[in-house]
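Asker: What follows is a structure written as structure tokens; I'll ask about it next.
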Amino acid sequence: MLSTLQPPRTLSRFPLHFPSTKKPRRHVHISKPTSSWQPITNPTLTDQSQLSTSTPQRSQILSIRHSLLSRHVTATQLADSYLTRLRLTEPLLNSFLHVSNTVLKQAQEIDDKIKNNEDVGPLAGVLVGVKDNICTADMPSTGGSRVLEGYRPPFDATAVKRVKELGGIVVGKTNLDEFGMGSTTEASAFQVTANPWDVSRVPGGSSGGSAAAVSARQCVVSLGSDTGGSVRQPASFCGVVGLKPTYGRVSRFGLMAYASSLDVIGCFGSSVADTGILLHAISGHDSRDATSSKREVPDFTSQFISPNILESKPLKELRVGLIHEALDDGVDTSVKSAIHAAASHLEELGCTLSEVSLPSFSLGLPAYYILASSESSSNLSRYDGLRYGNQAAADELNALYGDSRASGFGPEVKMRILMGTYALSAGYYDAYYNRAQQVRTLIQKSFEAALDDNDILISPAAPSAAYKIGEKIDDPLSMYAGDIMTVNVNMAGLPALVLPCGFVEGGPAGLPVGLQMIGAAFDEGKLLKVAHVFEQTLRCSSFIPPLIADGIEL
């Protein structure tokens, strides 16, 4: 249960308050960050002696709740602390496209409830970033595209609505590759997001803004979307926990559709516990999403056991399969070493490790790009300048459609729409789309067989650590190849969790590497349990980026 976690550390120190009247940046375009930066420091934020490179990750959500209910700190103070850090780091990172100007007002409402001894939700005072392809009624939702610039939906996505109902405060909308199409966040129409571990590198994508924001502690947790790895790959690049739930576990209502049979809303946190708590908050059936499951949502938080009471072999008899094809040629040697070390750590915890083969593994990438592009060519047809999106001036209807899309969509989106339209065209449907669907069936059966013999499967989350901004922008095939570790999970509709497991050389303090854990459908609880034990027992497990390492207290 939640109460079995270690007592939270104090959150009583807060930074100097910036004037709250300062207007938040909205679609500010800041030049690409360079490598000439210094860590963000603030003497009121830190007591460096309290930081330890071997301290297990703690739940910030539980720490916040304890501090609020024990009256050690107010929600307003806490919100002001995060907003200050956001303003200090944002010029270097560009994580957010929009920052809410009602955060302190909402925090004050929580303080008033606590003062009056009223009940507050489990996410009370928790600042949540929301990827900008997830609709929010009270702030812009652009999908990272010019075609929706300035668009404000009249409703909240179900996931956002549930976060708010439990007391969470949406701090802002995070940057992304346009409509989720990309792996670096460089395909955003508005700005390029940088990696907090090295601001000359990409944070991953397409949920790069959400991952970078959590990594830099600009917010406590965040929501992203995952169509082919867009939560898990940036989690690996930014050294945070990212969870893609089973297809149907979380409602997609209010998520801008890219590939409807693959899209899911996922979670980011700085600890497994925080990620699991957020998942529990947003899960459950929704009548407004026909694909959402009616399965009962288990208490994911019951999986989180204090490391003080763990047995010497807490994962005894757990069967773990290391995917053979995920460590073939094309994966950096240093990443392989980190994954093998993580596998050895699981064995130390009592797991039975074996190597498994997924014969269809290499087929997933080309099949994914055919299916995702085909679905996107249909889904994005709604942005015609009439029903949705900004309208171009034109003399007749076809020109209005064409000009609105030509000026509104970026090059990556246009390319994928063209690929998808081609794959669905007469004479090519059977050769491409139909064959890709057959491959998808093979992938599903392959995973089913492997998970019959194993409780979880493991692999790298990406073939490399974060690479330089601009390094692959002119080589899209190389960028697409980086998704090979993640797309198969979406094709099978399975849950997967990525958590940091080590470092490779690069940047001012090394670059994090993520371990991907894959489970059977609707078995997120097992993934969270295994990942929590792994995280709490991992030596040298502090994944705080150097950008803020001297200016944060956990």
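Quick note on naming: the chains in the structure tokens go A, B, ... in the order shown, residues restart at 1 in each chain, and ligands are numbered from 1 in order of appearance.
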Would you please give, as a PyMOL selection string, all residues of stretch 127-178 of chain A that DSSP assigns to strand (DSSP E) based on the backbone?
Answerer: chain A and resi 127-131+169-174
Asker: Based on the selection just made, write C-alpha atoms of those residues as a compact mmCIF listing (two decimals), in the first residue's frame.
Answerer:
# COMPACT_ATOMS: atom_id res chain seq x y z
CA LEU A 127 1.55 19.93 -11.05
CA VAL A 128 0.87 17.96 -14.23
CA GLY A 129 2.18 18.73 -17.70
CA VAL A 130 -0.07 17.73 -20.61
CA LYS A 131 1.14 16.98 -24.12
CA ILE A 169 -3.18 21.16 -11.45
CA VAL A 170 -2.43 21.32 -15.16
CA VAL A 171 0.66 23.55 -15.30
CA GLY A 172 0.75 23.81 -19.08
CA LYS A 173 0.89 22.16 -22.50
CA THR A 174 4.12 20.49 -23.53
Asker: I'd like a table as a Markdown table: residues in stretch 220-266 of chain A with an atom no more than 9 Å from stretch 135-149 of chain A, each row giving the shortest atom pair and its distance in Å to one decimal, only C-alpha atoms counted, sorted by chain and rising residue number.
Answerer:
| residue | atom | partner | partner_atom | distance |
| --- | --- | --- | --- | --- |
| A:Phe253 | CA | A:Cys135 | CA | 8.8 |
| A:Gly254 | CA | A:Cys135 | CA | 5.1 |
| A:Leu255 | CA | A:Cys135 | CA | 6.3 |
| A:Met256 | CA | A:Gly143 | CA | 7.2 |
Asker: Just write the chosen residues, N, CA, C and O atoms, as a tab-separated table (two decimals), in the first residue's frame.
Answerer:
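Okay, this is what ended up in selection25.tsv:
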chain	number	residue	atom	x	y	z
A	253	PHE	N	-10.53	9.61	-25.55
A	253	PHE	CA	-11.39	10.75	-25.84
A	253	PHE	C	-10.65	12.05	-25.53
A	253	PHE	O	-10.17	12.25	-24.42
A	254	GLY	N	-10.54	12.90	-26.53
A	254	GLY	CA	-9.81	14.15	-26.37
A	254	GLY	C	-8.37	14.08	-26.81
A	254	GLY	O	-7.67	15.10	-26.77
A	255	LEU	N	-7.90	12.91	-27.23
A	255	LEU	CA	-6.56	12.77	-27.80
A	255	LEU	C	-6.68	12.97	-29.31
A	255	LEU	O	-7.49	12.30	-29.97
A	256	MET	N	-5.91	13.89	-29.87
A	256	MET	CA	-5.95	14.13	-31.31
A	256	MET	C	-5.47	12.88	-32.03
A	256	MET	O	-4.34	12.41	-31.80
Asker: Near stretch 439-455 of chain A, within 9 Å and counting only C-alpha atoms, which residues show up once chain neighbours fewer than 5 positions away are dropped, as a PyMOL selection string?
Answerer: chain A and resi 318-321+354+356-361+363-364+367-368+434+488-489+491-494+518-520+526
Asker: Counting only C-alpha atoms, figure out which residue out of A:Val241, A:Ser287, A:Ala159, A:Pro154 gets nearest to A:Thr275.
Answerer: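 Ranking A:Val241, A:Ser287, A:Ala159, A:Pro154 by distance to A:Thr275, first place goes to A:Val241.
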Asker: Fewer than 5 positions away in the same chain doesn't count, so skip those; otherwise give me all residues within 12 Å of A:Val504, counting only C-alpha atoms, as a PyMOL selection string.
Answerer: chain A and resi 197+236-237+239+332-339+464-467+509-514
Asker: Would you export the selected residues with all heavy atoms as a compact mmCIF listing (two decimals), in the first residue's frame, please?
Answerer:
# COMPACT_ATOMS: atom_id res chain seq x y z
N TRP A 197 19.67 16.67 -19.86
CA TRP A 197 20.98 16.06 -19.57
C TRP A 197 22.08 16.69 -20.41
O TRP A 197 23.25 16.63 -20.05
CB TRP A 197 20.93 14.55 -19.80
CG TRP A 197 20.14 13.86 -18.74
CD1 TRP A 197 18.79 13.64 -18.73
CD2 TRP A 197 20.63 13.34 -17.51
NE1 TRP A 197 18.42 13.00 -17.57
CE2 TRP A 197 19.53 12.80 -16.81
CE3 TRP A 197 21.90 13.26 -16.93
CZ2 TRP A 197 19.66 12.21 -15.55
CZ3 TRP A 197 22.03 12.66 -15.68
CH2 TRP A 197 20.92 12.15 -15.01
N SER A 236 13.49 7.17 -21.96
CA SER A 236 14.86 6.66 -21.95
C SER A 236 15.87 7.78 -22.15
O SER A 236 16.88 7.87 -21.44
CB SER A 236 15.02 5.60 -23.06
OG SER A 236 16.34 5.12 -23.13
N PHE A 237 15.62 8.65 -23.13
CA PHE A 237 16.56 9.73 -23.43
C PHE A 237 16.69 10.73 -22.28
O PHE A 237 17.77 11.30 -22.07
CB PHE A 237 16.10 10.48 -24.68
CG PHE A 237 16.44 9.81 -25.99
CD1 PHE A 237 16.88 8.50 -26.02
CD2 PHE A 237 16.33 10.49 -27.19
CE1 PHE A 237 17.19 7.86 -27.21
CE2 PHE A 237 16.66 9.88 -28.40
CZ PHE A 237 17.09 8.56 -28.41
N GLY A 239 15.91 10.10 -18.92
CA GLY A 239 16.17 9.52 -17.61
C GLY A 239 14.99 9.57 -16.66
O GLY A 239 15.17 9.78 -15.46
N ASP A 332 23.88 0.31 -30.02
CA ASP A 332 25.17 0.76 -29.50
C ASP A 332 25.72 -0.21 -28.46
O ASP A 332 24.97 -0.72 -27.61
CB ASP A 332 25.04 2.14 -28.87
CG ASP A 332 24.87 3.24 -29.91
OD1 ASP A 332 24.89 2.93 -31.11
OD2 ASP A 332 24.72 4.42 -29.50
N THR A 333 27.01 -0.43 -28.51
CA THR A 333 27.66 -1.35 -27.57
C THR A 333 27.43 -0.93 -26.13
O THR A 333 27.17 -1.78 -25.26
CB THR A 333 29.17 -1.42 -27.86
OG1 THR A 333 29.37 -1.83 -29.22
CG2 THR A 333 29.85 -2.41 -26.94
N SER A 334 27.50 0.36 -25.86
CA SER A 334 27.32 0.85 -24.50
C SER A 334 25.89 0.63 -24.00
O SER A 334 25.67 0.36 -22.82
CB SER A 334 27.68 2.33 -24.41
OG SER A 334 26.94 3.09 -25.37
N VAL A 335 24.93 0.72 -24.92
CA VAL A 335 23.54 0.43 -24.55
C VAL A 335 23.37 -1.05 -24.23
O VAL A 335 22.73 -1.43 -23.24
CB VAL A 335 22.58 0.87 -25.68
CG1 VAL A 335 21.16 0.38 -25.39
CG2 VAL A 335 22.59 2.38 -25.83
N LYS A 336 23.98 -1.90 -25.05
CA LYS A 336 23.93 -3.35 -24.77
C LYS A 336 24.50 -3.65 -23.39
O LYS A 336 23.93 -4.45 -22.63
CB LYS A 336 24.72 -4.11 -25.83
CG LYS A 336 24.11 -4.14 -27.21
CD LYS A 336 24.99 -4.97 -28.14
CE LYS A 336 24.49 -4.96 -29.56
NZ LYS A 336 25.34 -5.77 -30.47
N SER A 337 25.61 -3.02 -23.05
CA SER A 337 26.24 -3.26 -21.75
C SER A 337 25.31 -2.86 -20.62
O SER A 337 25.20 -3.57 -19.61
CB SER A 337 27.56 -2.50 -21.66
OG SER A 337 28.48 -2.93 -22.63
N ALA A 338 24.65 -1.72 -20.77
CA ALA A 338 23.73 -1.25 -19.73
C ALA A 338 22.55 -2.21 -19.57
O ALA A 338 22.11 -2.49 -18.44
CB ALA A 338 23.23 0.15 -20.07
N ILE A 339 22.04 -2.73 -20.67
CA ILE A 339 20.90 -3.66 -20.60
C ILE A 339 21.33 -4.99 -19.98
O ILE A 339 20.61 -5.58 -19.17
CB ILE A 339 20.30 -3.88 -22.00
CG1 ILE A 339 19.77 -2.55 -22.56
CG2 ILE A 339 19.19 -4.92 -21.96
CD1 ILE A 339 18.75 -1.86 -21.69
N SER A 464 20.10 3.67 -29.03
CA SER A 464 21.18 4.56 -28.59
C SER A 464 20.66 5.47 -27.51
O SER A 464 19.45 5.51 -27.23
CB SER A 464 21.70 5.40 -29.76
OG SER A 464 20.72 6.37 -30.15
N ALA A 465 21.57 6.20 -26.88
CA ALA A 465 21.16 7.28 -25.99
C ALA A 465 20.82 8.50 -26.84
O ALA A 465 20.87 8.46 -28.08
CB ALA A 465 22.29 7.60 -25.01
N ALA A 466 20.47 9.60 -26.20
CA ALA A 466 20.06 10.80 -26.92
C ALA A 466 21.18 11.29 -27.85
O ALA A 466 22.35 11.32 -27.46
CB ALA A 466 19.69 11.90 -25.93
N TYR A 467 20.80 11.67 -29.06
CA TYR A 467 21.78 12.17 -30.02
C TYR A 467 21.60 13.67 -30.21
O TYR A 467 20.67 14.29 -29.67
CB TYR A 467 21.66 11.42 -31.35
CG TYR A 467 20.25 11.15 -31.82
CD1 TYR A 467 19.53 12.09 -32.54
CD2 TYR A 467 19.64 9.93 -31.52
CE1 TYR A 467 18.25 11.84 -32.98
CE2 TYR A 467 18.35 9.66 -31.95
CZ TYR A 467 17.65 10.62 -32.68
OH TYR A 467 16.36 10.37 -33.09
N ALA A 509 27.51 14.96 -17.90
CA ALA A 509 27.45 14.03 -16.77
C ALA A 509 26.98 12.65 -17.19
O ALA A 509 26.41 11.91 -16.39
CB ALA A 509 26.52 14.59 -15.68
N GLY A 510 27.22 12.27 -18.44
CA GLY A 510 26.72 11.01 -18.94
C GLY A 510 25.29 11.16 -19.45
O GLY A 510 24.60 12.13 -19.17
N LEU A 511 24.84 10.15 -20.21
CA LEU A 511 23.49 10.15 -20.76
C LEU A 511 22.75 8.91 -20.28
O LEU A 511 23.30 7.81 -20.28
CB LEU A 511 23.54 10.15 -22.29
CG LEU A 511 24.23 11.36 -22.93
CD1 LEU A 511 24.41 11.11 -24.43
CD2 LEU A 511 23.43 12.64 -22.69
N PRO A 512 21.49 9.08 -19.83
CA PRO A 512 20.76 7.93 -19.28
C PRO A 512 20.34 6.93 -20.36
O PRO A 512 20.15 7.29 -21.53
CB PRO A 512 19.54 8.58 -18.63
CG PRO A 512 19.36 9.87 -19.36
CD PRO A 512 20.73 10.33 -19.75
N VAL A 513 20.20 5.69 -19.94
CA VAL A 513 19.72 4.60 -20.79
C VAL A 513 18.51 3.98 -20.12
O VAL A 513 18.50 3.77 -18.89
CB VAL A 513 20.81 3.52 -21.00
CG1 VAL A 513 20.25 2.32 -21.75
CG2 VAL A 513 21.99 4.10 -21.75
N GLY A 514 17.48 3.69 -20.91
CA GLY A 514 16.26 3.12 -20.35
C GLY A 514 16.11 1.64 -20.64
O GLY A 514 16.46 1.17 -21.72
Asker: Identify, on the basis of only C-alpha atoms, every residue whose closest approach to A:Glu178 does not exceed 9 Å; exclude the query and any residue fewer than 4 positions from it along the same chain; express the result as number ranges by chain.
Answerer: A: 133, 142-146, 182, 185-189, 206, 409-410, 412-413
Asker: At what distance in Å, to one decimal, does atom CA of A:Leu166 lie from atom CA of A:Thr102?
Answerer: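 Straight-line distance from atom CA of A:Thr102 to atom CA of A:Leu166 works out to 17.0 Å.
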Asker: Considering only C-alpha atoms, return as a list in words whatever protein or nucleic-acid residues lie within 10 Å of A:Ile277, sequence-local ones (same chain, fewer than 4 positions apart) excluded.
Answerer: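 My list of contacting residues is Leu2, Ser59, Ile61, Leu62, Pro122, Leu123, Val221, Cys267, Gly269, Val272, Ala273, Ala281, Ile282, Asp299, Phe300 and Thr301 of chain A.
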Asker: When you look at stretch 471-487 of chain A with a cut-off of 6 Å (counting only C-alpha atoms), what residues show up, excluding the ones that are within fewer than 4 positions of it in the same chain? I need them as a ChimeraX atom specification.
Answerer: /A:228-229,365,461-462
Asker: Could you tell me how far atom CA of A:Leu176 sits from atom CA of A:Ser95, in Å to one decimal place?
Answerer: 8.7 Å
Asker: May I ask for the distance between atom CA of A:Ile458 and atom CA of A:Met181, given in Å to one decimal place?
Answerer: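 About the pair atom CA of A:Ile458 and atom CA of A:Met181: they are 25.3 Å apart.
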